[in-house]
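The next block holds one structure in the form of structure tokens; read it before the comments.
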Amino acid sequence: MARIVKNVGGLILLIFLVAAVWYAKSSSVFRFPGLSGPSEASVVLPERPTSPDEFAGGMSSRMAILLTDRNSSWLDLVQGLKTFGVPFTLTEDYREALKHKVVMVYPVISGKTLTAQALSALTDFPQQGGTLIGTHVLGGGLNRLFGFSEAVPSMTHTELRFGPENSFIRQYLGTSVHTTTFGSAAQPRGSYAYANPTGNVLAKYEDGTPALISQHTGKGVTYALGLDIGAFALLGYNNRQQAVNNTYVNRFEPGLDALFLLLRDIYLTHEPEAVLLGTVPDGKRISILLTHDIDFTRSVNNALTYARYQKSQEITASYFIQTKYVRDWNDDVFFNAEGAAKVNQLSDMGMEVASHSVAHSKVFSTLPLGSGQEKYPAYEPFVKGATETRNATVLGELRISRYLLEATIPSLEVKSFRPGHLENPETLPQALQATGYRFSSSTTANNALTHLPFRLNYNRQSADQTGIFEFPITIEDEAMPLMGSRLAQALEVAEKIQRYGGLFVVLTHPNILDHKLDFTRGLIEKMKPTAWFGTLASFGQWWVARDQVGVDVTSINGLKTVSLNALEAIAGL
């Protein structure tokens, strides 16, 4: 009898253990009944180099870019000019370029890249009243034209210093001097110094040698710049700055912006029919995007409090939702039926619901691209620790998170994405495009070296532009001191950015209310008179439409006509 009781007890214990294991397994993954998808595969198209011909055309009121070498960072240069609203045309024909009043020759001027006829025509151009901008003026007999004796190469320069004679620095940056860091001892960049200048030295390297000189010649003027702006833009726009920035976030670092403001100022100064496209909707001075990352259990509830306040102020914000349906090292499940219902409330209040991935992995940047056929519920990424995530892919994180948000919230179209920890794989631009996204907020403004949006390139390189636009983060909430005590500092950054119509993106994790909500209230109260507030998607849609606008000016009998060619409807430009 004792043996029978013992066996029965053992059987009961075995049944209990099996049930416990089953329950633990079933409760560690939440599945929405009846949901399975997405049904269509995501196809990452092969890289197709962007042609310079895509940027040709336009009238003589535009700046002309004379491209002398396709194997350069010309794409990043023209993307920057588009960002700053400078109308331009790109051509490889010097005769077409010289029909314009302001001509920039990029990336080099030399006898190897230009014919004798082209060099002769460039020499005559400023004599007749034209403005000629040369980057890396290395030969072709134009040294005297640009006002120096010799271009001296260097791999040690790291700073470009603008002096008080640059009025655009005072106007747009609010200081009499400015330094742009473009390299470091660990990551040196090539540059040229112009020896024995006869013109005005507008910028110097840290050793005092001339980096930018201007010289009046005949009726016109020349500018010689020893730094490749396109190559510098490549570093920032493609998240390859490699310790060029001084701070990661929460500070004002307009290193790249200063150089494009220089080009914009030259165009405005020397083109009598210059017209710029504004960078802020509705004539406001600054664009502010309030964004929130929902990647913690308590954040789901707190997000509603933030949203109610924002709605009371007639302001919309973006909420990046981690669709967390797997319990792992990071946290418990919180995107379940209850969590989805609360996210639905955010959408009902007019807030943007965007994706913050499924796993919120710290190694997202090292994940494989994936097949593009990942489907819910079979896709179960598991974060084992800070350095290991299993069963996850880049495409899986993008596909499944977007699918679940759209499947659980009526009429939702997810357009924006932000990775956890701002982990940024090189494949992200084309993966976002393949999975139906349009906008990204995946880096900081200081890492990107700019306080304005920009277009992303395939593999974060320089050959092929994608249709994805990046909106970098200016202020975040994790650095010390506490966010609530940094309002004055953030407002100071905003004041500087709005001098040239920049972008101010705030990242707040609503894991608590307290000082973070106080920061939101204070920022809105102070900035509402001059700022445009909106979601990443609404601003992104405006920015995409703006990016496609062509602007030209014609003058007949003293009557100037501005012509706009807009491929998409746009208001407030």
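Every chain in the structure tokens has a letter given in the order shown (A, B, ...), and although residue numbers restart at 1 in each chain, ligands are simply numbered from 1 in the order shown.
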DSSP on the backbone, then: every residue of stretch 532-568 of chain A marked alpha helix (DSSP H), written as a PyMOL selection string.
chain A and resi 536-547
Write the residues of the preceding selection, restricted to C-alpha atoms, as a PDB file, in the first residue's frame.
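The new file part05.pdb reads:
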ATOM      1  CA  LEU A 536       7.176  62.365 -37.276  1.00  0.00           C
ATOM      2  CA  ALA A 537       4.761  61.108 -39.937  1.00  0.00           C
ATOM      3  CA  SER A 538       3.049  64.455 -40.527  1.00  0.00           C
ATOM      4  CA  PHE A 539       6.309  66.387 -40.669  1.00  0.00           C
ATOM      5  CA  GLY A 540       7.865  63.610 -42.729  1.00  0.00           C
ATOM      6  CA  GLN A 541       5.100  63.756 -45.303  1.00  0.00           C
ATOM      7  CA  TRP A 542       5.579  67.529 -45.573  1.00  0.00           C
ATOM      8  CA  TRP A 543       9.345  67.085 -45.883  1.00  0.00           C
ATOM      9  CA  VAL A 544       9.051  64.475 -48.640  1.00  0.00           C
ATOM     10  CA  ALA A 545       6.742  66.753 -50.637  1.00  0.00           C
ATOM     11  CA  ARG A 546       9.127  69.676 -50.083  1.00  0.00           C
ATOM     12  CA  ASP A 547      12.080  67.567 -51.244  1.00  0.00           C
TER      13      ASP A 547
END
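Taking only C-alpha atoms, the non-local environment of A:Leu114 within 9 Å (same-chain residues fewer than 3 positions away omitted) comprises Thr68, Tyr94, Ile109, Ser110, Gly111, Gln117, Ala118, Leu119 and Gly140 of chain A.
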Can I get the selection written as a short mmCIF file (atom, residue, chain, number, x, y, z; two decimals), in the first residue's frame, with all heavy atoms?
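Result went into again_37.cif, see below:
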data_model
loop_
_atom_site.label_atom_id
_atom_site.label_comp_id
_atom_site.auth_asym_id
_atom_site.auth_seq_id
_atom_site.Cartn_x
_atom_site.Cartn_y
_atom_site.Cartn_z
N THR A 68 32.88 66.93 -61.63
CA THR A 68 34.09 66.56 -62.36
C THR A 68 34.53 65.13 -62.11
O THR A 68 35.47 64.66 -62.77
CB THR A 68 35.25 67.51 -62.00
OG1 THR A 68 35.52 67.41 -60.59
CG2 THR A 68 34.89 68.95 -62.34
N TYR A 94 30.45 71.71 -68.64
CA TYR A 94 30.83 73.03 -68.12
C TYR A 94 30.06 74.15 -68.83
O TYR A 94 29.79 75.20 -68.24
CB TYR A 94 32.34 73.24 -68.26
CG TYR A 94 32.83 73.49 -69.67
CD1 TYR A 94 32.93 74.79 -70.17
CD2 TYR A 94 33.20 72.43 -70.50
CE1 TYR A 94 33.39 75.02 -71.46
CE2 TYR A 94 33.64 72.66 -71.78
CZ TYR A 94 33.73 73.95 -72.26
OH TYR A 94 34.17 74.19 -73.53
N ILE A 109 39.17 70.52 -58.98
CA ILE A 109 39.55 71.26 -60.18
C ILE A 109 41.00 70.93 -60.50
O ILE A 109 41.90 71.20 -59.69
CB ILE A 109 39.40 72.78 -59.99
CG1 ILE A 109 37.93 73.16 -59.78
CG2 ILE A 109 39.97 73.54 -61.17
CD1 ILE A 109 37.71 74.65 -59.54
N SER A 110 41.21 70.33 -61.66
CA SER A 110 42.58 70.02 -62.08
C SER A 110 42.58 69.73 -63.58
O SER A 110 41.52 69.56 -64.19
CB SER A 110 43.13 68.80 -61.33
OG SER A 110 42.55 67.61 -61.84
N GLY A 111 43.76 69.66 -64.14
CA GLY A 111 43.89 69.33 -65.55
C GLY A 111 43.53 67.89 -65.85
O GLY A 111 43.32 67.53 -67.00
N GLN A 117 39.68 73.52 -72.62
CA GLN A 117 38.60 74.44 -72.94
C GLN A 117 37.76 74.77 -71.71
O GLN A 117 37.36 75.92 -71.50
CB GLN A 117 37.70 73.84 -74.03
CG GLN A 117 38.36 73.69 -75.38
CD GLN A 117 39.17 72.40 -75.49
OE1 GLN A 117 39.34 71.67 -74.51
NE2 GLN A 117 39.67 72.13 -76.70
N ALA A 118 37.50 73.74 -70.91
CA ALA A 118 36.71 73.96 -69.69
C ALA A 118 37.46 74.86 -68.71
O ALA A 118 36.88 75.78 -68.12
CB ALA A 118 36.37 72.63 -69.04
N LEU A 119 38.74 74.62 -68.54
CA LEU A 119 39.54 75.43 -67.63
C LEU A 119 39.61 76.88 -68.10
O LEU A 119 39.53 77.82 -67.28
CB LEU A 119 40.95 74.85 -67.51
CG LEU A 119 41.05 73.50 -66.79
CD1 LEU A 119 42.43 72.88 -66.99
CD2 LEU A 119 40.75 73.65 -65.30
N GLY A 140 45.43 72.94 -63.10
CA GLY A 140 44.78 73.53 -64.25
C GLY A 140 45.12 74.99 -64.45
O GLY A 140 44.48 75.68 -65.25
#
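Atom CA of A:Gly230 is positioned 12.7 Å from atom CA of A:Gly190.
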